[in-house]
Amino acid sequence: MEIQQLETFTKKDVRGKPAPVSFVRVRTDTDEEGLGQMSPYNADISAKVFHRQVAPHALGADPMDIDGLVDEIVDAEYKFPWSYLNRALTGLDTALWDLKAKQEGVSVAELIGGKPTTLKPYGSSMSRENTPEAEAERLARLKEERGFEAFKIRVGSTMGDNEDAWEGRTENLIPTVREAVSDETQLFVDANGCYTPEKAIEVGELLDAHDVVHYEEPCPFPKLEWTTEVREALNDTDVQVAGGEQDNDLTQWQRMINMHAVDIVQPDICYVGGLARAMRVADMAEDAGLLVIPHSANHSLVTVFTMHMLTAIDNAGPYFEFSVEDHWAEEMLEPALTVEDGEIEVPDRPGWGFEINPEWLATSTYEANSREAPAM
Ligand SMILES: [Mg+2]
């Protein structure tokens with residue numbers, strides 16, 4: 001079997017919001033198909049990279065050797081490492097996993113050693129605009145309505161150089177939300193790289209005082225030494241430092257794990273270059289005794305990919321990321337992703353177990369790379 005054609009379906013915005021996604025369909029010379037997706041956001045740029053720097057290497061290749069093909073492409077495009085190459089590569093990787101699982105008549109979860117099951121999402125807030133009172137009220141309501149057992153809230157400001165969204169917000173937010181969701185709810189925070197080590201440790205002590213157990217990106221992500229300093233300072237507390245969502249180089253991942261910069265590793269399957277590479281990060285973390293809670297901050301297929309992966313690894317954290325925002329991806333997947341009684345189902349249908357709404361596909365931009373038909 002050989003890869004015959006690679007098609008993409010791309011949008012720049014959805015319902016007026018800049019939220020582009022690009023789906024990939026792989027087709028083989030035996031007319032089998034697989035569905036995947038590149039990383040969202042600027043996906044029209046990723047689609048260009050896909051057609052120019054990913055697809056040409058894949059046409060004619062064996063679609064069953066996913067790890068081999070992914071490595072070959074990263075090596076061939078060594079002058080263009082990381083961000084956009086990996087965002088595009090994810091489209092190929094995830095389409096091939098879907099194809100391979102469908103070939104065997106199983107879900108991707110089963111193909112990689114897991115099984116369809118239910119998982120517990122944590123409700124992930126993306127907001128820094130909500131007042132502490134509004135955020136607390138919203139999360140308490142979501143807990144009541146959908147049964148979430150854990151939430152993540154945003155502290156500081158994104159890459160914010162110690163500045164809060166407004167003065168005192170973080171110090172007010174933590175106790176206000178803790179009180180609203182009560183003690184039985186697990187509380188996580190995300191600083192999105194806001195702090196220097198000194199400030200991060202001060203905030204970490206506040207988190208510990210309110211039983212917050214997960215402290216994500218306390219410092220700017222490239223500053224691994226800073227993050228390590230914070231992790232060491234909080235070692236005797238129940239606060240676990242998490243990070244890695246931006247990291248997409250496997251050597252850097254190994255370095256981060258070797259230095260124990262974080263307690264919880266958070267590869268984003270779409271940023272890191274696909275499921276094959278994310279599974280390698282999970283393996284490295286397992287060898288070091290670290291938990292994995294991937295970054296899956298939107299309701300495109302990244303959440304689906306993440307769910308399948310989590311069923312197949314032994315070091316998955318207790319909850320996985322599920323955005324609670326009004327979402328641009330809501331009408332894109334069939335069936336829709338839904339949380340009921342604090343759980344979400346990993347489907348047992350072949351492949352990823354989801355399709356794209358035909359109307360969405362019909363209004364997207366189509367491009368394809370095809371292998372020349374053999375001369376008669
Ligand atoms: Mg984050």
# chains A, B, ... in the order shown; residues from 1 in each chain; ligands from 1
>>> residues_near_ligand(ligand="ligand 1", cutoff="9 Å", atoms="only C-alpha atoms and all ligand atoms", output="list in words")
Arg154, Val189, Asp190, Ala191, Asn192, Gly193, Glu216, Glu217, Ala242, Gly243, Gly244, Glu245, Gln246, Gln266, His295, Ser296 and Ala297 of chain A
>>> select_by_dssp(residues="region 181-325 of chain A", states="strand (DSSP E or B)", output="list in words")
Gln186, Leu187, Phe188, Val189, Asp190, Val212, Val213, His214, Tyr215, Glu216, Gln240, Val241, Ala242, Gly243, Ile264, Val265, Leu291, Val292, Ala316, Phe320, Glu321, Phe322 and Ser323 of chain A
>>> atom_distance(atom1="CA of Met284 (chain A)", atom2="CA of Ile257 (chain A)")
7.4 Å
>>> residues_around(residues="Leu361 (chain A)", least_positions_apart="3", cutoff="12 Å", atoms="only C-alpha atoms", output="list in words")
Glu7, Thr8, Phe9, Thr10, Lys11, Val14, Val21, Ser22, Phe23, Val24, Arg25, Glu331, Met332, Leu333, Glu355, Ile356, Asn357, Pro358, Ser364, Thr365, Tyr366 and Glu367 of chain A
>>> residues_around(residues="region 46-52 of chain A", least_positions_apart="4", cutoff="8 Å", atoms="only C-alpha atoms", output="list in words")
Thr8, Thr10, Ser22, Met38, Ser39, Asn42, Pro56, Tyr84, Leu85, Arg87, Ala88, Leu89, Gly91, Ala368 and Asn369 of chain A
>>> residues_around(residues="Lys115 (chain A)", least_positions_apart="6", cutoff="8 Å", atoms="only C-alpha atoms", output="PyMOL selection string")
chain A and resi 107+109+311-312+348
>>> residues_around(residues="region 285-293 of chain A", least_positions_apart="4", cutoff="10 Å", atoms="only C-alpha atoms", output="PyMOL selection string")
chain A and resi 242-245+253-254+256-258+260+262-268+279-281+306+310+313-321
>>> closest_atom_pairs(of="region 118-139 of chain A", to="region 174-178 of chain A", cutoff="9 Å", atoms="only C-alpha atoms", output="CSV")
residue,atom,partner,partner_atom,distance
A:Pro132,CA,A:Thr176,CA,6.3
A:Glu133,CA,A:Thr176,CA,6.7
A:Glu135,CA,A:Val177,CA,7.1
A:Ala136,CA,A:Val177,CA,4.5
A:Glu137,CA,A:Val177,CA,8.0
A:Leu139,CA,A:Val177,CA,7.8
>>> residues_around(residues="Arg169 (chain A)", least_positions_apart="3", cutoff="9 Å", atoms="only C-alpha atoms", output="ChimeraX atom specification")
/A:131-132,155-156,164-166,172-174
>>> select_by_dssp(residues="region 128-360 of chain A", states="alpha helix (DSSP H)", output="PyMOL selection string")
chain A and resi 132-146+169-181+197-209+224-233+250-258+269-272+275-287+301-311+358-360
>>> closest_atom_pairs(of="region 93-194 of chain A", to="region 57-65 of chain A", cutoff="12 Å", atoms="only C-alpha atoms", output="CSV")
residue,atom,partner,partner_atom,distance
A:Asp93,CA,A:Pro63,CA,9.4
A:Thr94,CA,A:Pro63,CA,11.2
A:Ala95,CA,A:Pro63,CA,9.5
A:Leu96,CA,A:Pro63,CA,6.2
A:Trp97,CA,A:Met64,CA,8.3
A:Asp98,CA,A:Met64,CA,10.6
A:Leu99,CA,A:Pro63,CA,8.2
A:Lys100,CA,A:Met64,CA,6.4
A:Ala101,CA,A:Met64,CA,9.9
A:Lys102,CA,A:Met64,CA,11.6
A:Gln103,CA,A:Met64,CA,9.7
A:Glu104,CA,A:Met64,CA,11.1
A:Leu111,CA,A:Met64,CA,11.9
>>> decode(residues="region 186-311 of chain A", atoms="C-alpha atoms", output="PDB file, in the first residue's frame")
ATOM      1  CA  GLN A 186      -9.390  19.863  42.268  1.00  0.00           C
ATOM      2  CA  LEU A 187      -8.092  23.274  41.298  1.00  0.00           C
ATOM      3  CA  PHE A 188      -5.387  23.921  38.705  1.00  0.00           C
ATOM      4  CA  VAL A 189      -3.918  27.241  37.555  1.00  0.00           C
ATOM      5  CA  ASP A 190      -2.110  28.380  34.425  1.00  0.00           C
ATOM      6  CA  ALA A 191       0.264  31.373  34.545  1.00  0.00           C
ATOM      7  CA  ASN A 192       1.150  31.236  30.809  1.00  0.00           C
ATOM      8  CA  GLY A 193       4.754  32.175  31.495  1.00  0.00           C
ATOM      9  CA  CYS A 194       3.998  35.267  33.581  1.00  0.00           C
ATOM     10  CA  TYR A 195       6.560  35.191  36.361  1.00  0.00           C
ATOM     11  CA  THR A 196      10.191  35.476  37.356  1.00  0.00           C
ATOM     12  CA  PRO A 197      11.203  32.748  39.839  1.00  0.00           C
ATOM     13  CA  GLU A 198      10.845  34.938  42.918  1.00  0.00           C
ATOM     14  CA  LYS A 199       7.314  36.037  42.052  1.00  0.00           C
ATOM     15  CA  ALA A 200       6.396  32.538  40.842  1.00  0.00           C
ATOM     16  CA  ILE A 201       7.395  31.042  44.187  1.00  0.00           C
ATOM     17  CA  GLU A 202       5.387  33.680  46.074  1.00  0.00           C
ATOM     18  CA  VAL A 203       2.308  32.832  43.950  1.00  0.00           C
ATOM     19  CA  GLY A 204       3.055  29.114  44.419  1.00  0.00           C
ATOM     20  CA  GLU A 205       2.833  29.525  48.185  1.00  0.00           C
ATOM     21  CA  LEU A 206      -0.548  31.214  47.796  1.00  0.00           C
ATOM     22  CA  LEU A 207      -1.667  28.273  45.646  1.00  0.00           C
ATOM     23  CA  ASP A 208      -0.525  25.803  48.280  1.00  0.00           C
ATOM     24  CA  ALA A 209      -2.471  27.661  50.957  1.00  0.00           C
ATOM     25  CA  HIS A 210      -5.658  27.103  48.911  1.00  0.00           C
ATOM     26  CA  ASP A 211      -4.958  23.494  47.889  1.00  0.00           C
ATOM     27  CA  VAL A 212      -4.225  24.228  44.232  1.00  0.00           C
ATOM     28  CA  VAL A 213      -2.388  21.154  42.960  1.00  0.00           C
ATOM     29  CA  HIS A 214      -1.287  22.012  39.402  1.00  0.00           C
ATOM     30  CA  TYR A 215       0.767  25.112  38.534  1.00  0.00           C
ATOM     31  CA  GLU A 216       1.208  25.461  34.773  1.00  0.00           C
ATOM     32  CA  GLU A 217       3.927  27.513  33.056  1.00  0.00           C
ATOM     33  CA  PRO A 218       4.887  29.649  36.045  1.00  0.00           C
ATOM     34  CA  CYS A 219       7.794  31.106  34.025  1.00  0.00           C
ATOM     35  CA  PRO A 220       8.338  31.800  30.307  1.00  0.00           C
ATOM     36  CA  PHE A 221       8.614  28.350  28.720  1.00  0.00           C
ATOM     37  CA  PRO A 222      12.152  28.631  27.279  1.00  0.00           C
ATOM     38  CA  LYS A 223      13.530  29.475  30.740  1.00  0.00           C
ATOM     39  CA  LEU A 224      13.863  25.910  31.965  1.00  0.00           C
ATOM     40  CA  GLU A 225      16.289  26.898  34.729  1.00  0.00           C
ATOM     41  CA  TRP A 226      13.723  29.333  36.155  1.00  0.00           C
ATOM     42  CA  THR A 227      10.984  26.709  36.019  1.00  0.00           C
ATOM     43  CA  THR A 228      13.281  24.193  37.728  1.00  0.00           C
ATOM     44  CA  GLU A 229      13.999  26.708  40.494  1.00  0.00           C
ATOM     45  CA  VAL A 230      10.261  27.139  41.095  1.00  0.00           C
ATOM     46  CA  ARG A 231       9.656  23.376  41.014  1.00  0.00           C
ATOM     47  CA  GLU A 232      12.423  22.820  43.585  1.00  0.00           C
ATOM     48  CA  ALA A 233      11.150  25.595  45.860  1.00  0.00           C
ATOM     49  CA  LEU A 234       7.665  24.041  45.871  1.00  0.00           C
ATOM     50  CA  ASN A 235       8.917  20.483  46.219  1.00  0.00           C
ATOM     51  CA  ASP A 236       7.704  20.113  49.791  1.00  0.00           C
ATOM     52  CA  THR A 237       4.194  21.324  48.968  1.00  0.00           C
ATOM     53  CA  ASP A 238       1.370  19.543  47.113  1.00  0.00           C
ATOM     54  CA  VAL A 239       1.705  22.003  44.217  1.00  0.00           C
ATOM     55  CA  GLN A 240       3.004  20.252  41.097  1.00  0.00           C
ATOM     56  CA  VAL A 241       4.637  22.342  38.394  1.00  0.00           C
ATOM     57  CA  ALA A 242       3.429  21.579  34.849  1.00  0.00           C
ATOM     58  CA  GLY A 243       4.611  22.664  31.414  1.00  0.00           C
ATOM     59  CA  GLY A 244       5.767  21.840  27.913  1.00  0.00           C
ATOM     60  CA  GLU A 245       2.789  22.743  25.728  1.00  0.00           C
ATOM     61  CA  GLN A 246       4.939  24.954  23.465  1.00  0.00           C
ATOM     62  CA  ASP A 247       7.810  22.476  23.161  1.00  0.00           C
ATOM     63  CA  ASN A 248       8.061  20.579  19.918  1.00  0.00           C
ATOM     64  CA  ASP A 249      11.671  19.416  19.731  1.00  0.00           C
ATOM     65  CA  LEU A 250      12.168  15.926  21.176  1.00  0.00           C
ATOM     66  CA  THR A 251      15.750  16.647  22.264  1.00  0.00           C
ATOM     67  CA  GLN A 252      14.526  19.654  24.236  1.00  0.00           C
ATOM     68  CA  TRP A 253      11.822  17.442  25.748  1.00  0.00           C
ATOM     69  CA  GLN A 254      14.438  14.948  26.914  1.00  0.00           C
ATOM     70  CA  ARG A 255      16.506  17.801  28.359  1.00  0.00           C
ATOM     71  CA  MET A 256      13.505  19.214  30.216  1.00  0.00           C
ATOM     72  CA  ILE A 257      12.664  15.799  31.656  1.00  0.00           C
ATOM     73  CA  ASN A 258      16.280  14.997  32.586  1.00  0.00           C
ATOM     74  CA  MET A 259      16.566  18.242  34.552  1.00  0.00           C
ATOM     75  CA  HIS A 260      13.173  17.640  36.205  1.00  0.00           C
ATOM     76  CA  ALA A 261      12.010  21.134  35.257  1.00  0.00           C
ATOM     77  CA  VAL A 262       8.387  20.077  35.719  1.00  0.00           C
ATOM     78  CA  ASP A 263       6.446  17.402  37.600  1.00  0.00           C
ATOM     79  CA  ILE A 264       3.765  17.090  34.905  1.00  0.00           C
ATOM     80  CA  VAL A 265       4.582  17.094  31.172  1.00  0.00           C
ATOM     81  CA  GLN A 266       2.082  18.625  28.766  1.00  0.00           C
ATOM     82  CA  PRO A 267       2.831  17.891  25.115  1.00  0.00           C
ATOM     83  CA  ASP A 268       0.262  19.275  22.682  1.00  0.00           C
ATOM     84  CA  ILE A 269      -0.238  16.555  20.063  1.00  0.00           C
ATOM     85  CA  CYS A 270      -0.773  19.182  17.360  1.00  0.00           C
ATOM     86  CA  TYR A 271       2.242  21.349  18.266  1.00  0.00           C
ATOM     87  CA  VAL A 272       4.679  18.485  18.823  1.00  0.00           C
ATOM     88  CA  GLY A 273       4.101  16.985  15.373  1.00  0.00           C
ATOM     89  CA  GLY A 274       1.460  14.315  15.940  1.00  0.00           C
ATOM     90  CA  LEU A 275       0.581  11.263  18.002  1.00  0.00           C
ATOM     91  CA  ALA A 276       3.758   9.291  17.249  1.00  0.00           C
ATOM     92  CA  ARG A 277       5.962  12.052  18.653  1.00  0.00           C
ATOM     93  CA  ALA A 278       3.632  12.805  21.593  1.00  0.00           C
ATOM     94  CA  MET A 279       3.778   9.102  22.563  1.00  0.00           C
ATOM     95  CA  ARG A 280       7.572   9.337  22.642  1.00  0.00           C
ATOM     96  CA  VAL A 281       7.321  12.271  25.056  1.00  0.00           C
ATOM     97  CA  ALA A 282       4.968  10.188  27.211  1.00  0.00           C
ATOM     98  CA  ASP A 283       7.510   7.332  27.177  1.00  0.00           C
ATOM     99  CA  MET A 284      10.341   9.656  28.249  1.00  0.00           C
ATOM    100  CA  ALA A 285       8.138  10.970  31.054  1.00  0.00           C
ATOM    101  CA  GLU A 286       7.254   7.450  32.170  1.00  0.00           C
ATOM    102  CA  ASP A 287      10.937   6.522  32.398  1.00  0.00           C
ATOM    103  CA  ALA A 288      11.395   9.533  34.696  1.00  0.00           C
ATOM    104  CA  GLY A 289       8.273   8.792  36.751  1.00  0.00           C
ATOM    105  CA  LEU A 290       6.420  11.912  35.575  1.00  0.00           C
ATOM    106  CA  LEU A 291       2.711  12.350  34.811  1.00  0.00           C
ATOM    107  CA  VAL A 292       1.324  13.401  31.419  1.00  0.00           C
ATOM    108  CA  ILE A 293      -1.560  15.866  31.075  1.00  0.00           C
ATOM    109  CA  PRO A 294      -1.457  16.937  27.415  1.00  0.00           C
ATOM    110  CA  HIS A 295      -2.374  20.436  26.284  1.00  0.00           C
ATOM    111  CA  SER A 296      -5.726  20.210  24.461  1.00  0.00           C
ATOM    112  CA  ALA A 297      -7.227  23.663  24.786  1.00  0.00           C
ATOM    113  CA  ASN A 298      -9.877  23.648  22.046  1.00  0.00           C
ATOM    114  CA  HIS A 299     -12.658  21.419  20.751  1.00  0.00           C
ATOM    115  CA  SER A 300     -11.130  20.581  17.387  1.00  0.00           C
ATOM    116  CA  LEU A 301      -9.717  17.063  16.869  1.00  0.00           C
ATOM    117  CA  VAL A 302      -6.825  17.799  19.262  1.00  0.00           C
ATOM    118  CA  THR A 303      -9.125  16.864  22.135  1.00  0.00           C
ATOM    119  CA  VAL A 304     -10.076  13.628  20.347  1.00  0.00           C
ATOM    120  CA  PHE A 305      -6.428  12.741  19.664  1.00  0.00           C
ATOM    121  CA  THR A 306      -5.626  13.418  23.317  1.00  0.00           C
ATOM    122  CA  MET A 307      -8.406  11.184  24.605  1.00  0.00           C
ATOM    123  CA  HIS A 308      -7.263   8.219  22.513  1.00  0.00           C
ATOM    124  CA  MET A 309      -3.665   8.701  23.652  1.00  0.00           C
ATOM    125  CA  LEU A 310      -4.598   8.922  27.330  1.00  0.00           C
ATOM    126  CA  THR A 311      -6.260   5.498  27.260  1.00  0.00           C
TER     127      THR A 311
END
